[in-house]
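Enquirer: To start, I am sharing the structure in question, which I have written as structure tokens.
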Amino acid sequence: MSTGDFRLPSAWRCAAADGPVPRTAEVGYADLVPALDALAAAARVDTLAVVVAAHAKVLNSLVEEAVFRTDVLPPGDSAGARSLEIRPGGARTWRELAEQTGTALHALQPVPTTAPAADDDRSPRADRVLLAVDGAAPDTVPGGASGTPPGSGRYGLCVGVRESTLILRAAGHLDAAGLDRLAVMYRRVLEAMAAAPEADAATAVLPDGEREAVLRRWAVGRTVTWEPAGVLELFRQQAARTPDAPAVRASGRTLSYRELDECSTRLAHHLLARGARPEALVGVSLRRGPDLLPALLAVWKTGAAYLPLDVDLPVQRLRHMVAAAGCALMVTRSEHLDALGPFDQGECVLLDRERAAIDAVEPTPLDVPVGPAHLAYVIYTSGSTGEPKGVMVHHGGLANYVLWTALEYAARGTGGSPHFSSIGFDLGVPSLFTPLVVGQRVDLLPDPLDTADLGVHLLAGAPYSFIKMTPGHLHLLSTDLEPEETHGLAGLVIAAGDAFPADLARRWGELVGPGGTPVATEYGPTEITVGNSGQMVTQLPADGLVPLGLPIPIPRCTSSTTASNRSPRASPARCTWAARAWPVGISAPPPSPRHASCPTPTESRAAACTARVTAAGGGRAGWSSWAAPTTR
């Protein structure tokens, strides 16, 4: 793992009106010195190493990286600042952290020489931290190399150690409130170390109010009043309003809203005659073509839920999903039977062979109740952390999510959305259903699709209201398309489903240019209803990953490691969701109150600040609410 310099979060920067006003705060700890001396003796280090260990813990609470560097000005050293490598995540107790810090202090390295970029008049150290261990904290590096630009040694935060006091000096980078909150964190860490040297060093140490903000205020999406209808009913209402508008385009064929409604109703009658019933599971194994959306809507019209089965998956995995879900009816085509393998527990409806019978059915509207608590679909996880598990998604949670995407995504244009992901990948759910509740068109791109042709197909259907894709797809488009082609590609592109590098978002913004297609992020593991957080990408960290975003309306998203005061690195992190975003495993009934928890995916531990991570349902327990002003 490479070691990068610790950087103060960009959200801490003072507003321009504040100006570069130096600020100072003091942290006294004379009352803790006897206990800290005892801790130092147990760790066989001096007390200074214990104080530096506390400094390391505070900085570690503000970054995701397990290993990073910060600058230290050793006592009586005229050579200038040195670089200290910090690995606080590897310490189980405060004593071990002190031991590791003592060892690191004996291995200080010269600080790499940096200079401001040509178009940047800020100091290259303006968002870095200096720990000065012999007196009041300076804000420049003594003994700097000759010829360095004026001010090149200035730090955003300097922490001085003088007798039994820490002096925190912010050289205009932090506002007064932020500096005071940081001072409280230093004091809390020192108190924790003094109180119990053998206690868990992964404990989150948060100032008063921070914990409440993380677990209550920021973890809850804004309140929105939706109409009570589910996605199916919203589609029916839209079909009644715009019956002749194009609803689906696939394989050179376009279905209007009336045609899509009637096709799905005919198939629903056929499925009911073949055994479909409310709350049962009906497998749907179809490629992206004219049959796909009629089949999904038809399943809902019977009151059943669908189980998406990608024909490109291995036969063994498909059979496991069908058997585990107890699926007794399958909708597919005869050419997919070999890929699906023997289906010996129920019936198959083969759309190509039974087309005449289906088309002969009168499209009489069905009156099968479909409520918010009824199951909409079951989708299986990848199984990367064990055996794949089915996640039950209910109509209430799906409607909440789709209505949010209608406001945030579809409202950015009139061209609808393309769908080009696997039906077994919930990333594509908004591309399938969101256009249908607002009168727009769903473009089902060819299946199979050579990803090298993705840009060509998107340009043929553009401009879209929104395009949801993986960061890998975004990277592909950023290399394949010209600036003028990307500029008006869509009202919004959303990168989700994988880690989203900040550099990729930056490159996309530079490619599309001012006023071009903006990019957003969305996060949600399979164990939630598609997504539980997201936002437009407007501010980016210098490196690393794009933050996960804010909670979508209504659901509450928290991390149980935060709630239990533990770091995810010290124990398995778990996410908890409540309200209308709940899913439950297929083998368990809905708990009460409606909520579920699941292991936190890797992506959730790679965001830039707790506000965003907690909103996404996971993250480092030790982070606090520094970025609130810029992320709410």
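Identifiers in the structure tokens: chain A, B, ... in order shown; residue index from 1 per chain; ligand index from 1 in order shown.
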Would you list the contacts of stretch 362-378 of chain A as a PyMOL selection string, taking every protein, DNA or RNA residue within 6 Å and counting only C-alpha atoms, but skipping same-chain residues closer than 5 positions in sequence?

Expert: chain A and resi 262+265-266+303+305-307+390-396

Enquirer: Just to be explicit: take each residue in the selection above, keep all heavy atoms, and write the result as a short mmCIF file (atom, residue, chain, number, x, y, z; two decimals), in the first residue's frame.

Expert:
data_model
loop_
_atom_site.label_atom_id
_atom_site.label_comp_id
_atom_site.auth_asym_id
_atom_site.auth_seq_id
_atom_site.Cartn_x
_atom_site.Cartn_y
_atom_site.Cartn_z
N GLU A 262 -51.16 -3.12 -22.86
CA GLU A 262 -51.98 -4.22 -23.35
C GLU A 262 -51.18 -5.51 -23.46
O GLU A 262 -51.68 -6.59 -23.11
CB GLU A 262 -52.60 -3.85 -24.70
CG GLU A 262 -53.65 -2.75 -24.61
CD GLU A 262 -54.24 -2.39 -25.95
OE1 GLU A 262 -53.69 -2.87 -26.99
OE2 GLU A 262 -55.23 -1.63 -25.99
N THR A 265 -50.76 -6.92 -20.06
CA THR A 265 -52.02 -7.43 -19.52
C THR A 265 -52.34 -8.79 -20.11
O THR A 265 -52.77 -9.72 -19.40
CB THR A 265 -53.16 -6.44 -19.79
OG1 THR A 265 -52.86 -5.19 -19.15
CG2 THR A 265 -54.48 -6.97 -19.26
N ARG A 266 -52.14 -8.95 -21.42
CA ARG A 266 -52.38 -10.25 -22.04
C ARG A 266 -51.50 -11.32 -21.41
O ARG A 266 -51.96 -12.42 -21.08
CB ARG A 266 -52.11 -10.16 -23.55
CG ARG A 266 -53.12 -9.37 -24.35
CD ARG A 266 -52.89 -9.56 -25.84
NE ARG A 266 -53.87 -8.83 -26.62
CZ ARG A 266 -53.70 -7.61 -27.11
NH1 ARG A 266 -52.53 -6.98 -26.90
NH2 ARG A 266 -54.64 -7.02 -27.80
N GLY A 303 -49.83 -9.98 -9.33
CA GLY A 303 -49.59 -9.89 -7.89
C GLY A 303 -48.33 -10.62 -7.47
O GLY A 303 -47.95 -10.59 -6.30
N ALA A 305 -44.08 -11.62 -7.82
CA ALA A 305 -42.81 -10.90 -7.90
C ALA A 305 -41.93 -11.62 -8.91
O ALA A 305 -42.07 -12.82 -9.13
CB ALA A 305 -42.13 -10.87 -6.54
N TYR A 306 -41.02 -10.89 -9.53
CA TYR A 306 -40.17 -11.53 -10.51
C TYR A 306 -38.78 -11.81 -9.95
O TYR A 306 -38.29 -11.12 -9.05
CB TYR A 306 -40.09 -10.72 -11.80
CG TYR A 306 -39.34 -9.41 -11.74
CD1 TYR A 306 -37.95 -9.36 -11.86
CD2 TYR A 306 -40.03 -8.20 -11.62
CE1 TYR A 306 -37.26 -8.16 -11.83
CE2 TYR A 306 -39.34 -6.99 -11.59
CZ TYR A 306 -37.96 -6.98 -11.70
OH TYR A 306 -37.27 -5.78 -11.66
N LEU A 307 -38.18 -12.85 -10.48
CA LEU A 307 -36.81 -13.23 -10.16
C LEU A 307 -36.00 -13.08 -11.45
O LEU A 307 -36.16 -13.87 -12.38
CB LEU A 307 -36.76 -14.67 -9.67
CG LEU A 307 -35.36 -15.27 -9.45
CD1 LEU A 307 -34.68 -14.61 -8.27
CD2 LEU A 307 -35.44 -16.78 -9.22
N GLY A 390 -30.58 -14.18 -1.68
CA GLY A 390 -31.66 -13.42 -2.31
C GLY A 390 -32.11 -12.28 -1.43
O GLY A 390 -32.26 -12.43 -0.23
N VAL A 391 -32.34 -11.13 -2.04
CA VAL A 391 -32.80 -9.95 -1.33
C VAL A 391 -34.20 -9.62 -1.82
O VAL A 391 -34.42 -9.43 -3.01
CB VAL A 391 -31.86 -8.76 -1.56
CG1 VAL A 391 -32.38 -7.51 -0.86
CG2 VAL A 391 -30.45 -9.09 -1.09
N MET A 392 -35.14 -9.58 -0.90
CA MET A 392 -36.53 -9.31 -1.24
C MET A 392 -36.77 -7.81 -1.26
O MET A 392 -36.57 -7.12 -0.26
CB MET A 392 -37.46 -9.99 -0.23
CG MET A 392 -37.32 -11.50 -0.19
SD MET A 392 -38.14 -12.24 1.25
CE MET A 392 -39.84 -11.86 0.90
N VAL A 393 -37.23 -7.30 -2.38
CA VAL A 393 -37.51 -5.87 -2.52
C VAL A 393 -39.01 -5.68 -2.66
O VAL A 393 -39.64 -6.30 -3.53
CB VAL A 393 -36.77 -5.28 -3.73
CG1 VAL A 393 -37.15 -3.81 -3.93
CG2 VAL A 393 -35.26 -5.41 -3.54
N HIS A 394 -39.58 -4.85 -1.82
CA HIS A 394 -41.02 -4.65 -1.79
C HIS A 394 -41.42 -3.43 -2.61
O HIS A 394 -40.62 -2.55 -2.88
CB HIS A 394 -41.50 -4.48 -0.34
CG HIS A 394 -41.26 -5.69 0.51
ND1 HIS A 394 -40.01 -5.98 1.01
CD2 HIS A 394 -42.09 -6.68 0.92
CE1 HIS A 394 -40.10 -7.11 1.71
NE2 HIS A 394 -41.34 -7.55 1.66
N HIS A 395 -42.69 -3.40 -2.99
CA HIS A 395 -43.17 -2.32 -3.84
C HIS A 395 -43.06 -0.96 -3.16
O HIS A 395 -42.83 0.06 -3.83
CB HIS A 395 -44.62 -2.58 -4.24
CG HIS A 395 -44.76 -3.57 -5.36
ND1 HIS A 395 -44.54 -3.25 -6.68
CD2 HIS A 395 -45.09 -4.88 -5.34
CE1 HIS A 395 -44.74 -4.30 -7.44
NE2 HIS A 395 -45.06 -5.32 -6.66
N GLY A 396 -43.22 -0.90 -1.83
CA GLY A 396 -43.12 0.39 -1.15
C GLY A 396 -41.74 0.99 -1.27
O GLY A 396 -41.58 2.17 -1.60
#

Enquirer: Go through stretch 407-477 of chain A and collect every residue that DSSP, computed from the backbone, puts in helix (DSSP H, G or I); the answer should be as number ranges by chain.

Expert: A: 407-408, 410-412, 426-433, 435-437, 451-461, 471-477

Enquirer: Write the residues you've just listed into a file as an mmCIF file, in the first residue's frame, and include N, CA and C atoms for each of them.

Expert:
data_model
loop_
_atom_site.group_PDB
_atom_site.id
_atom_site.type_symbol
_atom_site.label_atom_id
_atom_site.label_comp_id
_atom_site.auth_asym_id
_atom_site.auth_seq_id
_atom_site.Cartn_x
_atom_site.Cartn_y
_atom_site.Cartn_z
ATOM 1 N N LEU A 407 -37.493 12.482 -9.862
ATOM 2 C CA LEU A 407 -37.209 13.892 -9.570
ATOM 3 C C LEU A 407 -35.766 14.274 -9.868
ATOM 4 N N GLU A 408 -34.830 13.403 -9.507
ATOM 5 C CA GLU A 408 -33.416 13.741 -9.606
ATOM 6 C C GLU A 408 -32.814 13.414 -10.977
ATOM 7 N N ALA A 410 -34.840 11.729 -14.131
ATOM 8 C CA ALA A 410 -35.675 11.876 -15.326
ATOM 9 C C ALA A 410 -36.080 13.320 -15.587
ATOM 10 N N ALA A 411 -36.145 14.128 -14.537
ATOM 11 C CA ALA A 411 -36.554 15.520 -14.709
ATOM 12 C C ALA A 411 -35.505 16.359 -15.420
ATOM 13 N N ARG A 412 -34.367 15.780 -15.731
ATOM 14 C CA ARG A 412 -33.291 16.532 -16.382
ATOM 15 C C ARG A 412 -33.379 16.488 -17.909
ATOM 16 N N ASP A 426 -29.065 -4.792 -10.128
ATOM 17 C CA ASP A 426 -30.078 -3.792 -9.811
ATOM 18 C C ASP A 426 -29.663 -2.374 -10.158
ATOM 19 N N LEU A 427 -28.446 -2.172 -10.587
ATOM 20 C CA LEU A 427 -28.039 -0.842 -11.060
ATOM 21 C C LEU A 427 -28.979 -0.339 -12.149
ATOM 22 N N GLY A 428 -29.496 -1.244 -12.990
ATOM 23 C CA GLY A 428 -30.318 -0.839 -14.123
ATOM 24 C C GLY A 428 -31.783 -0.646 -13.824
ATOM 25 N N VAL A 429 -32.213 -0.849 -12.581
ATOM 26 C CA VAL A 429 -33.628 -0.732 -12.253
ATOM 27 C C VAL A 429 -34.200 0.637 -12.618
ATOM 28 N N PRO A 430 -33.552 1.763 -12.297
ATOM 29 C CA PRO A 430 -34.160 3.050 -12.674
ATOM 30 C C PRO A 430 -34.250 3.245 -14.180
ATOM 31 N N SER A 431 -33.311 2.682 -14.939
ATOM 32 C CA SER A 431 -33.377 2.816 -16.390
ATOM 33 C C SER A 431 -34.549 2.039 -16.967
ATOM 34 N N LEU A 432 -35.004 0.996 -16.274
ATOM 35 C CA LEU A 432 -36.147 0.210 -16.733
ATOM 36 C C LEU A 432 -37.482 0.847 -16.376
ATOM 37 N N PHE A 433 -37.588 1.388 -15.163
ATOM 38 C CA PHE A 433 -38.907 1.780 -14.668
ATOM 39 C C PHE A 433 -39.118 3.279 -14.516
ATOM 40 N N PRO A 435 -38.379 5.958 -16.427
ATOM 41 C CA PRO A 435 -39.015 6.642 -17.569
ATOM 42 C C PRO A 435 -40.499 6.330 -17.694
ATOM 43 N N LEU A 436 -40.913 5.129 -17.297
ATOM 44 C CA LEU A 436 -42.303 4.713 -17.488
ATOM 45 C C LEU A 436 -43.273 5.394 -16.535
ATOM 46 N N VAL A 437 -42.788 6.010 -15.474
ATOM 47 C CA VAL A 437 -43.704 6.701 -14.560
ATOM 48 C C VAL A 437 -43.794 8.183 -14.877
ATOM 49 N N THR A 451 -19.086 -3.883 -25.545
ATOM 50 C CA THR A 451 -18.913 -2.594 -24.860
ATOM 51 C C THR A 451 -18.182 -1.576 -25.716
ATOM 52 N N ALA A 452 -17.415 -2.052 -26.692
ATOM 53 C CA ALA A 452 -16.731 -1.108 -27.582
ATOM 54 C C ALA A 452 -17.732 -0.309 -28.417
ATOM 55 N N ASP A 453 -18.963 -0.841 -28.561
ATOM 56 C CA ASP A 453 -19.990 -0.160 -29.344
ATOM 57 C C ASP A 453 -20.934 0.663 -28.483
ATOM 58 N N LEU A 454 -20.697 0.711 -27.166
ATOM 59 C CA LEU A 454 -21.625 1.401 -26.285
ATOM 60 C C LEU A 454 -21.791 2.862 -26.674
ATOM 61 N N GLY A 455 -20.685 3.550 -26.924
ATOM 62 C CA GLY A 455 -20.764 4.966 -27.278
ATOM 63 C C GLY A 455 -21.581 5.200 -28.530
ATOM 64 N N VAL A 456 -21.438 4.349 -29.522
ATOM 65 C CA VAL A 456 -22.185 4.490 -30.776
ATOM 66 C C VAL A 456 -23.685 4.372 -30.521
ATOM 67 N N HIS A 457 -24.076 3.379 -29.730
ATOM 68 C CA HIS A 457 -25.502 3.184 -29.449
ATOM 69 C C HIS A 457 -26.072 4.329 -28.616
ATOM 70 N N LEU A 458 -25.305 4.829 -27.659
ATOM 71 C CA LEU A 458 -25.803 5.939 -26.852
ATOM 72 C C LEU A 458 -25.966 7.200 -27.673
ATOM 73 N N LEU A 459 -25.032 7.457 -28.555
ATOM 74 C CA LEU A 459 -25.149 8.641 -29.407
ATOM 75 C C LEU A 459 -26.363 8.539 -30.317
ATOM 76 N N ALA A 460 -26.694 7.318 -30.757
ATOM 77 C CA ALA A 460 -27.838 7.132 -31.653
ATOM 78 C C ALA A 460 -29.152 7.474 -30.961
ATOM 79 N N GLY A 461 -29.223 7.284 -29.640
ATOM 80 C CA GLY A 461 -30.460 7.563 -28.924
ATOM 81 C C GLY A 461 -30.470 8.880 -28.192
ATOM 82 N N PRO A 471 -18.693 3.053 -13.204
ATOM 83 C CA PRO A 471 -17.526 3.890 -13.501
ATOM 84 C C PRO A 471 -16.697 3.337 -14.660
ATOM 85 N N GLY A 472 -16.684 2.002 -14.817
ATOM 86 C CA GLY A 472 -15.972 1.424 -15.949
ATOM 87 C C GLY A 472 -16.550 1.869 -17.275
ATOM 88 N N HIS A 473 -17.878 1.920 -17.376
ATOM 89 C CA HIS A 473 -18.516 2.418 -18.592
ATOM 90 C C HIS A 473 -18.186 3.894 -18.808
ATOM 91 N N LEU A 474 -18.193 4.660 -17.713
ATOM 92 C CA LEU A 474 -17.890 6.091 -17.836
ATOM 93 C C LEU A 474 -16.469 6.286 -18.349
ATOM 94 N N HIS A 475 -15.552 5.475 -17.855
ATOM 95 C CA HIS A 475 -14.173 5.540 -18.339
ATOM 96 C C HIS A 475 -14.113 5.218 -19.831
ATOM 97 N N LEU A 476 -14.855 4.198 -20.244
ATOM 98 C CA LEU A 476 -14.879 3.820 -21.655
ATOM 99 C C LEU A 476 -15.381 4.975 -22.511
ATOM 100 N N LEU A 477 -16.473 5.607 -22.098
ATOM 101 C CA LEU A 477 -17.007 6.721 -22.874
ATOM 102 C C LEU A 477 -16.049 7.904 -22.896
#

Enquirer: Neighbouring residues of A:Ser465 were defined as those with any atom within 6 Å, considering only C-alpha atoms; residues of the same chain fewer than 5 positions away were excluded. Please report them as a PDB file with C-alpha atoms, in the first residue's frame.

Expert:
ATOM      1  CA  ALA A 410     -35.675  11.876 -15.326  1.00  0.00           C
ATOM      2  CA  ARG A 412     -33.291  16.532 -16.382  1.00  0.00           C
ATOM      3  CA  GLY A 413     -34.648  15.923 -19.866  1.00  0.00           C
ATOM      4  CA  THR A 414     -37.347  14.278 -21.947  1.00  0.00           C
ATOM      5  CA  GLY A 415     -35.382  11.568 -23.736  1.00  0.00           C
ATOM      6  CA  GLY A 416     -35.791   8.786 -21.213  1.00  0.00           C
ATOM      7  CA  ALA A 490     -27.728  13.381 -21.398  1.00  0.00           C
ATOM      8  CA  GLY A 491     -29.139  15.615 -18.736  1.00  0.00           C
TER       9      GLY A 491
END

Enquirer: What does the distance from atom CA of A:Val159 to atom CA of A:Ala196 come to in Å, to one decimal?

Expert: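 Interatomic distance here is 24.3 Å.
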
Enquirer: Could you pull out all residues of stretch 268-378 of chain A with a DSSP call of strand (DSSP E or B) and give them as a list in words?

Expert: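 In stretch 268-378 of chain A, DSSP puts these residues in strand (DSSP E or B): Leu281, Val282, Gly283, Val284, Ala305, Tyr306, Leu307, Pro308, Leu329, Met330, Val331, Thr332, Glu347, Cys348, Val349, Leu350, Leu375, Ala376, Tyr377 and Val378 of chain A.
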
Enquirer: Export all heavy atoms of the chosen residues as a compact mmCIF listing (two decimals), in the first residue's frame?

Expert:
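Contents of part-v4.txt, as written:
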# COMPACT_ATOMS: atom_id res chain seq x y z
N LEU A 281 -43.12 -16.28 -6.74
CA LEU A 281 -42.01 -15.80 -7.55
C LEU A 281 -42.08 -16.39 -8.95
O LEU A 281 -42.27 -17.60 -9.11
CB LEU A 281 -40.67 -16.18 -6.90
CG LEU A 281 -40.15 -15.24 -5.83
CD1 LEU A 281 -38.86 -15.79 -5.23
CD2 LEU A 281 -39.90 -13.85 -6.40
N VAL A 282 -41.93 -15.54 -9.94
CA VAL A 282 -41.92 -15.96 -11.33
C VAL A 282 -40.56 -15.59 -11.91
O VAL A 282 -40.17 -14.42 -11.90
CB VAL A 282 -43.04 -15.27 -12.14
CG1 VAL A 282 -42.94 -15.66 -13.62
CG2 VAL A 282 -44.40 -15.64 -11.58
N GLY A 283 -39.84 -16.59 -12.37
CA GLY A 283 -38.54 -16.32 -12.97
C GLY A 283 -38.70 -15.68 -14.34
O GLY A 283 -39.58 -16.05 -15.12
N VAL A 284 -37.87 -14.68 -14.62
CA VAL A 284 -37.87 -14.03 -15.93
C VAL A 284 -36.45 -14.12 -16.47
O VAL A 284 -35.52 -13.54 -15.92
CB VAL A 284 -38.31 -12.56 -15.84
CG1 VAL A 284 -38.21 -11.89 -17.21
CG2 VAL A 284 -39.74 -12.47 -15.31
N ALA A 305 -44.08 -11.62 -7.82
CA ALA A 305 -42.81 -10.90 -7.90
C ALA A 305 -41.93 -11.62 -8.91
O ALA A 305 -42.07 -12.82 -9.13
CB ALA A 305 -42.13 -10.87 -6.54
N TYR A 306 -41.02 -10.89 -9.53
CA TYR A 306 -40.17 -11.53 -10.51
C TYR A 306 -38.78 -11.81 -9.95
O TYR A 306 -38.29 -11.12 -9.05
CB TYR A 306 -40.09 -10.72 -11.80
CG TYR A 306 -39.34 -9.41 -11.74
CD1 TYR A 306 -37.95 -9.36 -11.86
CD2 TYR A 306 -40.03 -8.20 -11.62
CE1 TYR A 306 -37.26 -8.16 -11.83
CE2 TYR A 306 -39.34 -6.99 -11.59
CZ TYR A 306 -37.96 -6.98 -11.70
OH TYR A 306 -37.27 -5.78 -11.66
N LEU A 307 -38.18 -12.85 -10.48
CA LEU A 307 -36.81 -13.23 -10.16
C LEU A 307 -36.00 -13.08 -11.45
O LEU A 307 -36.16 -13.87 -12.38
CB LEU A 307 -36.76 -14.67 -9.67
CG LEU A 307 -35.36 -15.27 -9.45
CD1 LEU A 307 -34.68 -14.61 -8.27
CD2 LEU A 307 -35.44 -16.78 -9.22
N PRO A 308 -35.14 -12.06 -11.56
CA PRO A 308 -34.37 -11.85 -12.79
C PRO A 308 -33.29 -12.91 -12.94
O PRO A 308 -32.50 -13.13 -12.02
CB PRO A 308 -33.78 -10.45 -12.62
CG PRO A 308 -33.70 -10.26 -11.14
CD PRO A 308 -34.84 -11.02 -10.56
N LEU A 329 -42.57 -21.07 -11.63
CA LEU A 329 -42.97 -20.66 -12.97
C LEU A 329 -41.87 -19.81 -13.58
O LEU A 329 -41.27 -18.97 -12.89
CB LEU A 329 -44.28 -19.87 -12.92
CG LEU A 329 -44.96 -19.48 -14.24
CD1 LEU A 329 -45.38 -20.74 -14.99
CD2 LEU A 329 -46.16 -18.58 -13.99
N MET A 330 -41.59 -20.02 -14.86
CA MET A 330 -40.51 -19.33 -15.53
C MET A 330 -41.02 -18.75 -16.84
O MET A 330 -41.74 -19.41 -17.59
CB MET A 330 -39.38 -20.31 -15.83
CG MET A 330 -38.21 -19.69 -16.57
SD MET A 330 -36.93 -19.17 -15.45
CE MET A 330 -36.38 -20.76 -14.84
N VAL A 331 -40.66 -17.49 -17.12
CA VAL A 331 -40.96 -16.86 -18.39
C VAL A 331 -39.64 -16.72 -19.15
O VAL A 331 -38.70 -16.08 -18.67
CB VAL A 331 -41.59 -15.47 -18.20
CG1 VAL A 331 -41.87 -14.82 -19.55
CG2 VAL A 331 -42.87 -15.58 -17.38
N THR A 332 -39.57 -17.33 -20.32
CA THR A 332 -38.34 -17.30 -21.09
C THR A 332 -38.65 -17.57 -22.56
O THR A 332 -39.81 -17.49 -22.99
CB THR A 332 -37.32 -18.32 -20.53
OG1 THR A 332 -36.08 -18.17 -21.20
CG2 THR A 332 -37.82 -19.74 -20.66
N GLU A 347 -43.21 -24.95 -14.20
CA GLU A 347 -43.51 -24.80 -15.63
C GLU A 347 -42.71 -23.66 -16.25
O GLU A 347 -42.35 -22.71 -15.58
CB GLU A 347 -45.00 -24.52 -15.82
CG GLU A 347 -45.91 -25.69 -15.52
CD GLU A 347 -47.31 -25.40 -16.04
OE1 GLU A 347 -47.50 -25.42 -17.28
OE2 GLU A 347 -48.20 -25.13 -15.21
N CYS A 348 -42.49 -23.77 -17.56
CA CYS A 348 -41.88 -22.71 -18.34
C CYS A 348 -42.92 -22.15 -19.30
O CYS A 348 -43.61 -22.90 -20.00
CB CYS A 348 -40.69 -23.23 -19.15
SG CYS A 348 -39.16 -23.33 -18.23
N VAL A 349 -43.04 -20.84 -19.34
CA VAL A 349 -43.83 -20.16 -20.36
C VAL A 349 -42.86 -19.68 -21.41
O VAL A 349 -42.02 -18.80 -21.16
CB VAL A 349 -44.62 -18.98 -19.76
CG1 VAL A 349 -45.32 -18.20 -20.86
CG2 VAL A 349 -45.62 -19.48 -18.72
N LEU A 350 -42.92 -20.29 -22.60
CA LEU A 350 -42.00 -19.96 -23.69
C LEU A 350 -42.69 -18.96 -24.60
O LEU A 350 -43.62 -19.30 -25.35
CB LEU A 350 -41.61 -21.22 -24.45
CG LEU A 350 -40.94 -22.31 -23.60
CD1 LEU A 350 -40.65 -23.55 -24.43
CD2 LEU A 350 -39.66 -21.77 -22.97
N LEU A 375 -44.28 -8.12 -2.39
CA LEU A 375 -42.95 -8.31 -2.97
C LEU A 375 -42.96 -7.87 -4.43
O LEU A 375 -43.86 -8.22 -5.20
CB LEU A 375 -42.57 -9.78 -2.85
CG LEU A 375 -41.10 -10.16 -2.94
CD1 LEU A 375 -40.30 -9.45 -1.86
CD2 LEU A 375 -40.96 -11.67 -2.80
N ALA A 376 -41.91 -7.11 -4.83
CA ALA A 376 -41.77 -6.67 -6.23
C ALA A 376 -40.80 -7.58 -6.99
O ALA A 376 -41.09 -8.00 -8.11
CB ALA A 376 -41.29 -5.23 -6.29
N TYR A 377 -39.66 -7.85 -6.40
CA TYR A 377 -38.71 -8.77 -7.04
C TYR A 377 -37.74 -9.28 -6.00
O TYR A 377 -37.62 -8.72 -4.90
CB TYR A 377 -37.97 -8.10 -8.21
CG TYR A 377 -37.11 -6.89 -7.86
CD1 TYR A 377 -35.81 -7.04 -7.39
CD2 TYR A 377 -37.60 -5.60 -8.04
CE1 TYR A 377 -35.02 -5.94 -7.09
CE2 TYR A 377 -36.83 -4.49 -7.74
CZ TYR A 377 -35.54 -4.67 -7.27
OH TYR A 377 -34.76 -3.57 -6.96
N VAL A 378 -37.07 -10.35 -6.34
CA VAL A 378 -35.98 -10.89 -5.53
C VAL A 378 -34.73 -10.86 -6.38
O VAL A 378 -34.73 -11.35 -7.52
CB VAL A 378 -36.28 -12.32 -5.06
CG1 VAL A 378 -35.04 -12.95 -4.41
CG2 VAL A 378 -37.44 -12.33 -4.09

Enquirer: Distance atom CA of A:Ala38-atom CA of A:Ala98, one decimal place?

Expert: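 According to the coordinates, atom CA of A:Ala38 and atom CA of A:Ala98 are separated by 11.5 Å.
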
Enquirer: Determine, for each residue of stretch 291-322 of chain A having at least one atom at most 10 Å from an atom of stretch 272-275 of chain A, the closest pair of atoms and their separation in Å to one decimal, counting only C-alpha atoms; order by chain and ascending number, as a tab-separated table.

Expert:
residue	atom	partner	partner_atom	distance
A:Ala298	CA	A:Leu272	CA	9.6
A:Val299	CA	A:Leu272	CA	9.0
A:Lys301	CA	A:Leu272	CA	9.4
A:Thr302	CA	A:Leu272	CA	6.3
A:Gly303	CA	A:Leu272	CA	9.5
A:Ala304	CA	A:Leu272	CA	9.5

Enquirer: Got time to write the residues from that selection, N, CA, C and O atoms, as a compact mmCIF listing (two decimals), in the first residue's frame?

Expert:
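Contents of the output file selection-v2.txt:
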# COMPACT_ATOMS: atom_id res chain seq x y z
N ALA A 298 -46.10 -7.75 -16.50
CA ALA A 298 -47.13 -8.80 -16.43
C ALA A 298 -47.03 -9.56 -15.11
O ALA A 298 -48.05 -9.89 -14.49
N VAL A 299 -45.82 -9.85 -14.67
CA VAL A 299 -45.65 -10.54 -13.39
C VAL A 299 -46.26 -9.71 -12.27
O VAL A 299 -46.99 -10.22 -11.41
N LYS A 301 -48.64 -7.54 -12.52
CA LYS A 301 -50.09 -7.47 -12.66
C LYS A 301 -50.79 -8.71 -12.11
O LYS A 301 -51.98 -8.67 -11.79
N THR A 302 -50.06 -9.83 -12.00
CA THR A 302 -50.64 -11.03 -11.37
C THR A 302 -50.53 -10.99 -9.85
O THR A 302 -51.04 -11.88 -9.17
N GLY A 303 -49.83 -9.98 -9.33
CA GLY A 303 -49.59 -9.89 -7.89
C GLY A 303 -48.33 -10.62 -7.47
O GLY A 303 -47.95 -10.59 -6.30
N ALA A 304 -47.66 -11.28 -8.42
CA ALA A 304 -46.44 -12.01 -8.12
C ALA A 304 -45.24 -11.08 -8.16
O ALA A 304 -45.34 -9.89 -8.52

Enquirer: With a distance cut-off of 7 Å and only C-alpha atoms, select the neighbouring residues of stretch 100-114 of chain A, excluding the residue or stretch itself and same-chain residues fewer than 4 positions from it, and output the selection as a compact mmCIF listing (two decimals) with C-alpha atoms, in the first residue's frame.

Expert:
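Result written to out.txt:
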# COMPACT_ATOMS: atom_id res chain seq x y z
CA VAL A 45 8.35 4.96 25.41
CA ALA A 49 5.39 9.39 22.06
CA VAL A 52 2.14 11.91 19.25
CA ALA A 53 0.06 8.71 19.34
CA ALA A 81 10.34 19.11 9.56
CA ARG A 82 10.48 15.36 9.08
CA SER A 83 7.90 12.94 7.74
CA LEU A 84 6.17 10.60 10.19
CA GLU A 85 4.46 7.47 8.84
CA GLU A 96 0.23 -0.79 21.39
CA PRO A 124 1.71 23.24 -1.20
